[in-house]
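Undergrad: Here you go, one structure.
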Amino acid sequence: MRARKNTIPAKAIDAVEHRVRQLCWRYADKLQFHGWHHVSFVRAKAAGFAEHNGADRTVVEVAALVHDVNYIVLRNSPAAAGRDLRLGILRECGVGETVARRIDEIIDEAEMATRGRHISLEAQALSDADTLFKALPVTPVVLAHRYLRENGLSLRELAHKIVGEQRDVHDSGYYFYNPKAAETYSRWALANLQLWQCIKEAVDDPNVVELLDAVHAVDLEAEPAAS
Ligand SMILES: [Fe+2]
């Protein structure tokens with residue numbers, strides 16, 4: 001394990017937290033899934049994983065705070081779409097240019113759709129926390145419909161995205177990098193993947209499609225009354 005460093009001073013971390021929290025509230029309608037509830041969960045878990053794997057905890061925490069600002073910039077986008085906003089926040093909060101660029105790279109490395117087996121310790125800590133949020137058993141129940149609304153996806157598209165991005169990573173054995181996280185959360189991860197695999201199959205049944213259309217029609221009917 002390498003020596004633990006604390007590259008970013010507490011004052012700058014607090015400033016980033018304050019700025020991101022502000023943005024999450026201001027753009028709450030665009031961040032129904034990736035709002036402050038997501039950011040603060042990922043930050044807390046990523047800090048714990050960083051303590052465990054010897055990554056620079058301060059870098060991991062700040063990366064977690066700014067990892068999803070792309071959803072403010074562009075709906076259903078990759079992390080890279082938030083680069084300018086991310087670097088702007090870090091600059092404004094007193095994080096040095098080199099560290100800020102490194103944080104942006106860590107966020108790219110940790111992205112579910114493209115992450116590999118060998119990524120930096122900081123990216124591993126961030127990835128494990130972000131992946132855990134996806135695998136929580138409460139996420140499909142309480143938050144999946146928010147993901148659909150936030151990103152303008154159909155249930156079929158989301159099921160294909162989740163299974164497409166996560167199945168290989170899971171089967172290749174690096175769904176979680178941290179062995180303790182793998183031991184603790186793999187059962188949830190597998191249940192979650194199986195659920196989405198079942199959803200993917202279910203939306204091919206014409207009667208299920210009819211059922212979902214009927215639910216959608218009721219929602220549309222109810223909308224004007226609710227607003
Ligand atoms: Fe995230």
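Ligands are numbered from 1 in the order shown, residues from 1 within each chain, and chains are lettered A, B, ... in the order they appear in the structure tokens.
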Quick one: contact table of range 100-195 of chain A to range 28-47 of chain A, 12 Å max, nearest atom pair and distance in Å to one decimal per residue, counting only C-alpha atoms, chain and number order, as CSV?
TA:
residue,atom,partner,partner_atom,distance
A:Ala110,CA,A:Ala46,CA,11.6
A:Leu121,CA,A:Ala46,CA,10.8
A:Glu122,CA,A:Ala46,CA,8.7
A:Ala123,CA,A:Ala46,CA,9.4
A:Gln124,CA,A:Ala46,CA,8.7
A:Ala125,CA,A:Ala46,CA,5.1
A:Leu126,CA,A:Ala46,CA,5.1
A:Ser127,CA,A:Ala46,CA,7.9
A:Asp128,CA,A:Ala46,CA,7.0
A:Ala129,CA,A:Ala46,CA,5.0
A:Asp130,CA,A:Val42,CA,5.6
A:Thr131,CA,A:Val42,CA,8.9
A:Leu132,CA,A:Val42,CA,8.3
A:Phe133,CA,A:Val42,CA,7.1
A:Lys134,CA,A:His38,CA,9.9
A:Leu136,CA,A:Phe41,CA,11.3
A:Thr139,CA,A:Phe33,CA,9.6
A:Pro140,CA,A:Phe33,CA,11.0
A:Val142,CA,A:Phe33,CA,9.8
A:Leu143,CA,A:Phe33,CA,6.4
A:Ala144,CA,A:Phe33,CA,7.8
A:His145,CA,A:Phe33,CA,8.6
A:Arg146,CA,A:Phe33,CA,5.4
A:Tyr147,CA,A:Phe33,CA,5.1
A:Leu148,CA,A:Phe33,CA,8.7
A:Arg149,CA,A:Gln32,CA,7.6
A:Glu150,CA,A:Gln32,CA,5.7
A:Asn151,CA,A:Lys30,CA,8.5
A:Gly152,CA,A:Lys30,CA,10.7
A:Tyr177,CA,A:Ala46,CA,11.9
A:Asn178,CA,A:Ala46,CA,10.8
A:Ala181,CA,A:Lys45,CA,10.2
Undergrad: Please produce a file of those selected residues containing N, CA and C atoms, as a compact mmCIF listing (two decimals), in the first residue's frame.
TA:
# COMPACT_ATOMS: atom_id res chain seq x y z
N ALA A 110 -13.18 6.04 -14.22
CA ALA A 110 -14.14 5.31 -13.38
C ALA A 110 -15.49 5.10 -14.06
N LEU A 121 -6.01 3.78 -8.16
CA LEU A 121 -6.67 3.52 -6.87
C LEU A 121 -7.78 4.54 -6.62
N GLU A 122 -7.54 5.79 -7.03
CA GLU A 122 -8.56 6.83 -6.83
C GLU A 122 -9.80 6.52 -7.68
N ALA A 123 -9.57 6.09 -8.93
CA ALA A 123 -10.70 5.75 -9.80
C ALA A 123 -11.43 4.51 -9.27
N GLN A 124 -10.68 3.58 -8.69
CA GLN A 124 -11.31 2.38 -8.11
C GLN A 124 -12.25 2.76 -6.97
N ALA A 125 -11.79 3.66 -6.11
CA ALA A 125 -12.63 4.07 -4.96
C ALA A 125 -13.89 4.78 -5.44
N LEU A 126 -13.73 5.66 -6.44
CA LEU A 126 -14.90 6.37 -6.98
C LEU A 126 -15.83 5.39 -7.69
N SER A 127 -15.27 4.51 -8.50
CA SER A 127 -16.08 3.55 -9.25
C SER A 127 -16.87 2.65 -8.31
N ASP A 128 -16.23 2.14 -7.27
CA ASP A 128 -16.93 1.24 -6.35
C ASP A 128 -18.13 1.94 -5.70
N ALA A 129 -17.94 3.20 -5.33
CA ALA A 129 -19.04 3.93 -4.68
C ALA A 129 -20.19 4.19 -5.66
N ASP A 130 -19.84 4.57 -6.88
CA ASP A 130 -20.85 4.88 -7.89
C ASP A 130 -21.58 3.60 -8.32
N THR A 131 -20.83 2.52 -8.45
CA THR A 131 -21.41 1.22 -8.81
C THR A 131 -22.32 0.72 -7.70
N LEU A 132 -21.89 0.92 -6.46
CA LEU A 132 -22.71 0.48 -5.34
C LEU A 132 -24.07 1.18 -5.36
N PHE A 133 -24.07 2.47 -5.67
CA PHE A 133 -25.35 3.19 -5.74
C PHE A 133 -26.29 2.52 -6.75
N LYS A 134 -25.71 2.12 -7.89
CA LYS A 134 -26.52 1.45 -8.93
C LYS A 134 -27.05 0.10 -8.45
N LEU A 136 -27.62 -0.88 -5.29
CA LEU A 136 -28.43 -0.90 -4.06
C LEU A 136 -29.81 -1.45 -4.37
N THR A 139 -32.47 1.19 -5.19
CA THR A 139 -32.36 2.08 -6.37
C THR A 139 -33.43 1.79 -7.44
N PRO A 140 -33.62 0.52 -7.84
CA PRO A 140 -34.67 0.30 -8.87
C PRO A 140 -36.07 0.65 -8.36
N VAL A 142 -36.95 2.96 -5.84
CA VAL A 142 -37.19 4.37 -5.50
C VAL A 142 -36.71 5.35 -6.57
N LEU A 143 -35.71 4.93 -7.36
CA LEU A 143 -35.05 5.91 -8.23
C LEU A 143 -35.06 5.61 -9.73
N ALA A 144 -35.37 4.38 -10.13
CA ALA A 144 -35.26 4.04 -11.57
C ALA A 144 -36.16 4.94 -12.42
N HIS A 145 -37.39 5.20 -11.95
CA HIS A 145 -38.30 6.03 -12.75
C HIS A 145 -37.75 7.46 -12.88
N ARG A 146 -36.98 7.88 -11.85
CA ARG A 146 -36.35 9.21 -11.94
C ARG A 146 -35.25 9.22 -13.00
N TYR A 147 -34.53 8.11 -13.13
CA TYR A 147 -33.49 8.02 -14.16
C TYR A 147 -34.12 8.13 -15.54
N LEU A 148 -35.24 7.44 -15.71
CA LEU A 148 -35.93 7.48 -17.02
C LEU A 148 -36.32 8.91 -17.36
N ARG A 149 -36.92 9.59 -16.36
CA ARG A 149 -37.38 10.97 -16.60
C ARG A 149 -36.20 11.90 -16.84
N GLU A 150 -35.17 11.78 -15.99
CA GLU A 150 -34.00 12.67 -16.11
C GLU A 150 -33.34 12.56 -17.48
N ASN A 151 -33.23 11.33 -17.98
CA ASN A 151 -32.44 11.12 -19.20
C ASN A 151 -33.27 10.85 -20.45
N GLY A 152 -34.60 10.91 -20.30
CA GLY A 152 -35.47 10.75 -21.45
C GLY A 152 -35.37 9.37 -22.08
N TYR A 177 -13.88 -3.24 -7.30
CA TYR A 177 -12.43 -3.42 -7.22
C TYR A 177 -12.01 -3.80 -5.80
N ASN A 178 -12.70 -3.21 -4.83
CA ASN A 178 -12.36 -3.43 -3.44
C ASN A 178 -12.88 -4.83 -3.01
N ALA A 181 -15.76 -4.74 -0.63
CA ALA A 181 -17.02 -4.32 -1.27
C ALA A 181 -17.60 -5.47 -2.07
Undergrad: Neighbours of range 12-19 of chain A within 9 Å (only C-alpha atoms; same-chain residues fewer than 2 positions away dropped), as a list in words?
TA: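 The residues that qualify are Ile8, Pro9, Ala10, Arg21, Gln22, Leu23, Cys24, Thr58, Glu61, Val62, Leu65, Val66, Ile89, Leu90, Glu92, Cys93, Gly94 and Val95 of chain A.
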Undergrad: Quick one: of A:Ile103, A:Val69, A:Val20, A:Arg26, who's nearest to Asp56 in chain A, counting only C-alpha atoms?
TA: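 Between A:Ile103, A:Val69, A:Val20, A:Arg26, the residue approaching Asp56 in chain A most closely is A:Ile103.
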Undergrad: Determine the nearest neighbour of ligand 1 from the options A:Glu105, A:Glu111, A:Glu183, A:Asp171, counting only C-alpha atoms and all ligand atoms.
TA: A:Glu111
Undergrad: Using DSSP on the backbone, list every residue of range 1-146 of chain A that comes out as alpha helix (DSSP H), and give them as a ChimeraX atom specification.
TA: /A:10-26,36-53,57-66,70-73,83-92,97-109,121-135,138,144-146
Undergrad: Determine, counting only C-alpha atoms, which protein, DNA and RNA residues have an atom within 10 Å of an atom of Glu165 in chain A; residues of the same chain fewer than 5 positions away are not included. Present the result as a PyMOL selection string.
TA: chain A and resi 112-115+159-160+170
